[in-house]
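Reproduced below: protein09.pdb, with PDB, C-alpha atoms.
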ATOM      1  CA  SER A 131     103.628 118.386 103.335
ATOM      2  CA  CYS A 132     104.064 121.703 101.560
ATOM      3  CA  VAL A 133     103.958 123.688 104.820
ATOM      4  CA  ALA A 134     106.584 121.467 106.488
ATOM      5  CA  ALA A 135     108.862 121.736 103.436
ATOM      6  CA  ASN A 136     108.704 125.543 103.336
ATOM      7  CA  GLN A 137     109.397 126.576 106.908
ATOM      8  CA  ASP A 138     112.043 128.996 105.615
ATOM      9  CA  LYS A 139     109.286 131.180 104.127
ATOM     10  CA  ALA A 140     107.905 134.128 106.099
ATOM     11  CA  SER A 141     104.471 132.508 105.960
ATOM     12  CA  PRO A 142     104.635 128.812 105.023
ATOM     13  CA  GLU A 143     100.830 128.523 105.002
ATOM     14  CA  GLY A 144     100.429 131.613 102.818
ATOM     15  CA  PHE A 145     103.144 130.459 100.425
ATOM     16  CA  CYS A 146     101.553 127.032 100.051
ATOM     17  CA  ALA A 147      98.126 128.578  99.450
ATOM     18  CA  TRP A 148      99.632 130.771  96.724
ATOM     19  CA  LEU A 149     101.494 127.787  95.248
ATOM     20  CA  GLU A 150      98.309 125.719  95.144
ATOM     21  CA  HIS A 151      96.516 128.581  93.402
ATOM     22  CA  GLN A 152      99.336 128.826  90.849
ATOM     23  CA  THR A 153      99.182 125.078  90.220
ATOM     24  CA  SER A 154      95.447 124.437  90.204
ATOM     25  CA  GLY A 155      93.948 127.865  89.626
ATOM     26  CA  LYS A 156      92.029 127.502  92.872
ATOM     27  CA  TRP A 157      92.620 128.499  96.473
ATOM     28  CA  PRO A 158      92.774 125.731  99.130
ATOM     29  CA  SER A 159      89.210 126.320 100.341
ATOM     30  CA  GLU A 160      87.894 125.864  96.800
ATOM     31  CA  ASN A 161      89.831 122.623  96.475
ATOM     32  CA  ALA A 162      88.400 121.415  99.789
ATOM     33  CA  ILE A 163      84.878 121.990  98.464
ATOM     34  CA  ALA A 164      85.749 120.196  95.216
ATOM     35  CA  GLU A 165      87.206 117.268  97.166
ATOM     36  CA  SER A 166      84.049 117.005  99.272
ATOM     37  CA  MET A 167      81.920 116.903  96.125
ATOM     38  CA  VAL A 168      84.135 114.213  94.590
ATOM     39  CA  THR A 169      84.045 112.169  97.806
ATOM     40  CA  ALA A 170      80.248 112.311  97.763
ATOM     41  CA  LYS A 171      80.263 111.172  94.122
ATOM     42  CA  LEU A 172      82.536 108.212  94.903
ATOM     43  CA  GLN A 173      80.387 107.210  97.855
ATOM     44  CA  ALA A 174      77.370 107.059  95.541
ATOM     45  CA  MET A 175      79.120 104.600  93.197
ATOM     46  CA  LYS A 176      78.711 100.842  93.326
ATOM     47  CA  THR A 177      81.617  99.381  95.280
ATOM     48  CA  ARG A 178      83.406  96.076  95.527
ATOM     49  CA  GLN A 179      85.580  94.298  98.060
ATOM     50  CA  VAL A 180      89.204  93.408  97.315
ATOM     51  CA  ALA A 181      90.435  90.651  99.633
ATOM     52  CA  GLY A 182      93.623  88.725 100.320
ATOM     53  CA  VAL A 183      96.095  91.404  99.209
ATOM     54  CA  GLU A 184      99.695  90.924 100.383
ATOM     55  CA  ILE A 185     100.824  94.412 101.404
ATOM     56  CA  PHE A 186     103.986  93.815 103.450
ATOM     57  CA  SER A 187     106.447  91.091 104.426
ATOM     58  CA  ILE A 188     109.170  90.251 106.902
ATOM     59  CA  GLY A 189     112.670  90.954 105.590
ATOM     60  CA  GLU A 190     115.238  93.712 105.246
ATOM     61  CA  TRP A 191     113.698  96.637 103.357
ATOM     62  CA  THR A 192     114.644 100.236 102.664
ATOM     63  CA  ASP A 193     111.954 102.923 102.754
ATOM     64  CA  SER A 194     111.638 106.058 100.620
ATOM     65  CA  GLY A 195     113.631 108.021 103.214
ATOM     66  CA  GLY A 196     116.613 105.695 102.776
ATOM     67  CA  LYS A 197     116.232 103.993 106.160
ATOM     68  CA  THR A 198     116.861 100.229 106.208
ATOM     69  CA  ARG A 199     115.326  97.955 108.811
ATOM     70  CA  ASP A 200     115.016  94.231 109.368
ATOM     71  CA  TRP A 201     111.247  93.805 109.637
ATOM     72  CA  THR A 202     110.218  90.853 111.800
ATOM     73  CA  ALA A 203     107.093  88.820 112.483
ATOM     74  CA  ASP A 204     106.725  90.835 115.704
ATOM     75  CA  ASP A 205     106.587  94.048 113.654
ATOM     76  CA  ILE A 206     103.765  92.643 111.539
ATOM     77  CA  SER A 207     101.941  91.456 114.668
ATOM     78  CA  GLN A 208     102.207  94.958 116.116
ATOM     79  CA  MET A 209     100.665  96.448 112.969
ATOM     80  CA  VAL A 210      97.783  93.968 113.128
ATOM     81  CA  ASN A 211      97.220  94.576 116.850
ATOM     82  CA  ALA A 212      97.298  98.353 116.448
ATOM     83  CA  PHE A 213      94.792  98.178 113.590
ATOM     84  CA  ASN A 214      92.497  95.853 115.529
ATOM     85  CA  GLY A 215      92.741  98.268 118.449
ATOM     86  CA  GLY A 216      91.408 101.101 116.306
ATOM     87  CA  THR A 217      94.683 102.885 115.516
ATOM     88  CA  PRO A 218      94.809 105.173 113.631
ATOM     89  CA  ASN A 219      91.409 106.557 114.599
ATOM     90  CA  SER A 220      90.706 107.747 111.063
ATOM     91  CA  GLY A 221      91.225 104.264 109.636
ATOM     92  CA  VAL A 222      93.637 103.165 106.901
ATOM     93  CA  PRO A 223      92.761 104.540 103.448
ATOM     94  CA  LEU A 224      93.439 103.005 100.058
ATOM     95  CA  LYS A 225      94.904 105.545  97.619
ATOM     96  CA  VAL A 226      96.642 105.716  94.260
ATOM     97  CA  GLY A 227     100.430 105.806  94.653
ATOM     98  CA  HIS A 228     103.396 107.150  92.715
ATOM     99  CA  THR A 229     101.981 106.645  89.238
ATOM    100  CA  SER A 230     102.615 108.712  86.117
ATOM    101  CA  ASP A 231     100.512 111.736  85.210
ATOM    102  CA  GLY A 232      99.157 109.828  82.225
ATOM    103  CA  PHE A 233      98.139 106.888  84.392
ATOM    104  CA  ASN A 234      96.548 109.201  86.976
ATOM    105  CA  ALA A 235      94.557 110.791  84.159
ATOM    106  CA  LYS A 236      93.323 107.348  83.092
ATOM    107  CA  VAL A 237      92.224 106.497  86.630
ATOM    108  CA  ALA A 238      90.592 109.911  87.034
ATOM    109  CA  LYS A 239      88.690 109.455  83.781
ATOM    110  CA  ALA A 240      87.431 106.025  84.872
ATOM    111  CA  LEU A 241      86.193 107.517  88.131
ATOM    112  CA  GLY A 242      84.996 110.781  86.615
ATOM    113  CA  VAL A 243      87.038 112.957  88.991
ATOM    114  CA  PRO A 244      89.823 115.588  88.573
ATOM    115  CA  SER A 245      93.334 114.150  88.114
ATOM    116  CA  MET A 246      94.681 116.433  90.853
ATOM    117  CA  LEU A 247      92.584 114.612  93.447
ATOM    118  CA  ILE A 248      94.014 111.293  92.300
ATOM    119  CA  SER A 249      97.698 112.317  92.434
ATOM    120  CA  GLY A 250      97.512 114.487  95.571
ATOM    121  CA  ASP A 251     100.520 116.019  97.349
ATOM    122  CA  ASN A 252     103.838 114.830  95.877
ATOM    123  CA  GLY A 253     102.069 111.978  94.115
ATOM    124  CA  ASN A 254     101.006 110.350  97.371
ATOM    125  CA  GLY A 255      97.314 110.273  96.531
ATOM    126  CA  GLN A 256      94.677 112.590  97.944
ATOM    127  CA  ILE A 257      91.236 111.014  97.977
ATOM    128  CA  ARG A 258      90.275 107.826  99.785
ATOM    129  CA  LEU A 259      89.443 105.105  97.254
ATOM    130  CA  GLY A 260      88.539 102.451  99.769
ATOM    131  CA  SER A 261      89.440 101.440 103.310
ATOM    132  CA  VAL A 262      91.284  98.600 104.991
ATOM    133  CA  VAL A 263      88.722  96.590 106.945
ATOM    134  CA  SER A 264      90.901  93.709 108.089
ATOM    135  CA  LEU A 265      94.556  92.786 108.493
ATOM    136  CA  GLU A 266      95.982  89.361 109.118
ATOM    137  CA  GLN A 267      99.402  87.781 109.416
ATOM    138  CA  GLN A 268     100.067  84.738 107.262
ATOM    139  CA  ASN A 269     103.411  83.016 106.687
ATOM    140  CA  GLY A 270     105.430  86.163 107.301
ATOM    141  CA  LYS A 271     103.160  88.337 105.147
ATOM    142  CA  LEU A 272     100.674  91.067 106.063
ATOM    143  CA  LEU A 273      97.387  90.576 104.190
ATOM    144  CA  ALA A 274      94.677  93.202 103.851
ATOM    145  CA  THR A 275      91.066  93.333 102.749
ATOM    146  CA  PHE A 276      89.662  96.568 101.311
ATOM    147  CA  ASN A 277      86.015  97.592 101.351
ATOM    148  CA  ASN A 278      84.155 100.319  99.449
ATOM    149  CA  VAL A 279      86.466 100.244  96.428
ATOM    150  CA  PRO A 280      84.644 102.092  93.608
ATOM    151  CA  GLU A 281      83.628  99.617  90.918
ATOM    152  CA  PRO A 282      85.565 101.382  88.104
ATOM    153  CA  LEU A 283      88.742 101.161  90.207
ATOM    154  CA  ALA A 284      88.080  97.498  91.062
ATOM    155  CA  ASP A 285      87.689  96.856  87.331
ATOM    156  CA  LEU A 286      91.137  98.398  86.728
ATOM    157  CA  ILE A 287      92.634  96.172  89.439
ATOM    158  CA  GLU A 288      90.922  93.115  87.999
ATOM    159  CA  GLY A 289      92.155  94.063  84.528
ATOM    160  CA  GLY A 290      95.771  94.186  85.701
ATOM    161  CA  GLN A 291      96.218  97.963  85.458
ATOM    162  CA  PHE A 292      97.531  98.022  89.016
ATOM    163  CA  ALA A 293     100.338  95.542  89.579
ATOM    164  CA  SER A 294     101.084  95.843  93.286
ATOM    165  CA  VAL A 295     100.811  97.990  96.386
ATOM    166  CA  SER A 296     102.955 100.132  98.646
ATOM    167  CA  VAL A 297     102.387 100.816 102.342
ATOM    168  CA  GLU A 298     102.780 103.985 104.377
ATOM    169  CA  MET A 299     103.865 103.632 107.985
ATOM    170  CA  GLU A 300     104.638 105.707 111.019
ATOM    171  CA  LEU A 301     106.733 104.616 113.982
ATOM    172  CA  ASP A 302     105.339 105.051 117.498
ATOM    173  CA  ASP A 303     108.144 104.339 120.003
ATOM    174  CA  ASP A 304     109.755 102.262 117.235
ATOM    175  CA  LYS A 305     106.538 100.281 116.809
ATOM    176  CA  PRO A 306     105.214 100.360 113.230
ATOM    177  CA  LEU A 307     101.746 101.708 112.546
ATOM    178  CA  LEU A 308     100.076 101.228 109.167
ATOM    179  CA  THR A 309      98.603 104.550 107.998
ATOM    180  CA  ALA A 310      97.797 104.046 104.286
ATOM    181  CA  VAL A 311      98.049 101.643 101.360
ATOM    182  CA  ALA A 312      98.721 102.845  97.813
ATOM    183  CA  LEU A 313      97.993 101.120  94.531
ATOM    184  CA  LEU A 314     100.974 101.057  92.167
ATOM    185  CA  GLY A 315     100.958 100.878  88.396
ATOM    186  CA  ALA A 316     104.243  99.980  86.702
ATOM    187  CA  GLU A 317     106.332 101.081  89.710
ATOM    188  CA  ALA A 318     108.219  98.374  91.562
ATOM    189  CA  PRO A 319     107.466  98.162  95.290
ATOM    190  CA  ALA A 320     110.372  98.045  97.709
ATOM    191  CA  VAL A 321     109.023  94.821  99.195
ATOM    192  CA  GLU A 322     109.604  92.506  96.281
ATOM    193  CA  ASN A 323     108.338  89.149  97.555
ATOM    194  CA  LEU A 324     104.634  90.004  97.566
ATOM    195  CA  ALA A 325     102.026  88.362  95.380
ATOM    196  CA  GLY A 326     100.685  90.779  92.790
ATOM    197  CA  LEU A 327      97.203  92.226  92.869
ATOM    198  CA  ALA A 328      96.213  89.661  90.277
ATOM    199  CA  GLN A 329      96.150  87.166  93.153
ATOM    200  CA  ALA A 330      93.597  89.216  95.085
ATOM    201  CA  SER A 331      89.990  88.121  95.371
ATOM    202  CA  ILE A 332      87.640  90.855  94.116
ATOM    203  CA  HIS A 333      84.009  90.695  95.160
ATOM    204  CA  SER A 334      80.992  92.812  94.374
ATOM    205  CA  LYS A 335      80.273  94.808  97.325
ATOM    206  CA  ALA A 336     104.345 109.107 106.466
ATOM    207  CA  ARG A 337     107.014 106.650 104.552
ATOM    208  CA  TRP A 338     106.208 104.862 101.388
ATOM    209  CA  PHE A 339     107.674 101.472 100.558
ATOM    210  CA  SER A 340     107.744 101.969  96.809
ATOM    211  CA  LYS A 341     110.297 102.633  94.097
ATOM    212  CA  VAL A 342     113.134 101.720  96.461
ATOM    213  CA  LYS A 343     114.958  98.425  96.115
ATOM    214  CA  PRO A 344     115.638  96.321  99.224
ATOM    215  CA  VAL A 345     119.236  95.961 100.358
TER     216      VAL A 345
END

Now that the file is in, can you turn its structure into structure tokens?
Amino acid sequence: SCVAANQDKASPEGFCAWLEHQTSGKWPSENAIAESMVTAKLQAMKTRQVAGVEIFSIGEWTDSGGKTRDWTADDISQMVNAFNGGTPNSGVPLKVGHTSDGFNAKVAKALGVPSMLISGDNGNGQIRLGSVVSLEQQNGKLLATFNNVPEPLADLIEGGQFASVSVEMELDDDKPLLTAVALLGAEAPAVENLAGLAQASIHSKARWFSKVKPV
């Protein structure tokens, strides 16, 4: 986050508030109000379910921090078990990932929301555009189903505008915990043996594994 990256400043929080004002023209509290209004607008939209999305796989992969690990079936089982046990408590959000400013603008226009809320901090996505409601392990892959995906976003997925996904994880005593899933546009995910989003079934109703090639 901005505060963590600017601990050398006399007041990291104050510096980040000033930086946000310089970037967006608004102070953090104003942005929080705007985000709440946008969230309410998204919740009022018709939504769809996106099912059967391959989001991770066993294999040797390198994350965005440059750390390489041989991910096993046990790792995937741990992610499923943690999710089924209610961890993290806030759930696992679906967001827009490291896409270009132009692409973020297109998504924002489709949803009728500010681009800044689509791109978020360092391009990691800010607003929740759906939630993971189930995880399952199948043939060495981790499959997810997303609920409450705004219909305009589901239409973009169905139309092939989003090619794949990237996952965000945290390690708890070296046990992986899924914390977010991001939709990717033209960016190549680090985990290269996943079926694209075109294979998903769409129904009416901390580290990112993206842009880094596996070893």

Notebook entry, point to check: Got a sec: who's within 7 Å of Pro223 in chain A, counting all atoms listed in the file, leaving out chain neighbours fewer than 2 positions off, as number ranges by chain?
Noted result: A: 221, 225, 258, 260-262, 310-311

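Closest approach to Arg199 in chain A among A:Val295, A:Pro306, A:Ala238, A:Leu283: A:Pro306, based on only C-alpha atoms.
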
Could you write out as AutoDock Vina command-line options the box around range 176-195 of chain A (axis-aligned, all atoms listed in the file, 8 Å on each side), with centre and edge lengths in Å to one decimal?
--center_x 97.0 --center_y 98.4 --center_z 100.1 --size_x 52.5 --size_y 35.3 --size_z 29.6

Note to self: Quick check, in Å to one decimal: how far apart do CA of Asn214 in chain A and CA of Leu313 in chain A lie?
What the structure shows: 22.3 Å

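We find CA of Glu300 in chain A and CA of Asn234 in chain A to be spaced 25.6 Å apart.
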
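Near range 185-187 of chain A, within 8 Å and counting all atoms listed in the file, sit Val183, Gly189, Trp201, Ile206, Gly270, Lys271, Leu272, Leu273, Ala274, Val295, Ser296, Val297, Val311, Val321, Asn323 and Leu324 of chain A, not including residues fewer than 2 positions from it in the same chain.
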
Just-selected residues, C-alpha atoms written as a PDB file, in the coordinates of the input:
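Wrote out.pdb, looks like this:
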ATOM      1  CA  VAL A 183      96.095  91.404  99.209  1.00  0.00           C
ATOM      2  CA  GLY A 189     112.670  90.954 105.590  1.00  0.00           C
ATOM      3  CA  TRP A 201     111.247  93.805 109.637  1.00  0.00           C
ATOM      4  CA  ILE A 206     103.765  92.643 111.539  1.00  0.00           C
ATOM      5  CA  GLY A 270     105.430  86.163 107.301  1.00  0.00           C
ATOM      6  CA  LYS A 271     103.160  88.337 105.147  1.00  0.00           C
ATOM      7  CA  LEU A 272     100.674  91.067 106.063  1.00  0.00           C
ATOM      8  CA  LEU A 273      97.387  90.576 104.190  1.00  0.00           C
ATOM      9  CA  ALA A 274      94.677  93.202 103.851  1.00  0.00           C
ATOM     10  CA  VAL A 295     100.811  97.990  96.386  1.00  0.00           C
ATOM     11  CA  SER A 296     102.955 100.132  98.646  1.00  0.00           C
ATOM     12  CA  VAL A 297     102.387 100.816 102.342  1.00  0.00           C
ATOM     13  CA  VAL A 311      98.049 101.643 101.360  1.00  0.00           C
ATOM     14  CA  VAL A 321     109.023  94.821  99.195  1.00  0.00           C
ATOM     15  CA  ASN A 323     108.338  89.149  97.555  1.00  0.00           C
ATOM     16  CA  LEU A 324     104.634  90.004  97.566  1.00  0.00           C
TER      17      LEU A 324
END

Notebook entry, point to check: When you draw a straight line from CA of Asn269 in chain A to CA of Asp204 in chain A, how long is it in Å?
Noted result: 12.4 Å

Next item on the list: Quick one: everything within 9 Å of Leu259 in chain A, counting all atoms listed in the file, minus sequence neighbours fewer than 6 positions away in the same chain. Send it as number ranges by chain.
Entry: A: 169, 172, 223-226, 278-280, 283

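The smallest atom-to-atom distance between Gln179 in chain A and any of A:Ala212, A:Leu149, A:Val263, A:Ile248, using all atoms listed in the file, is found for A:Val263.
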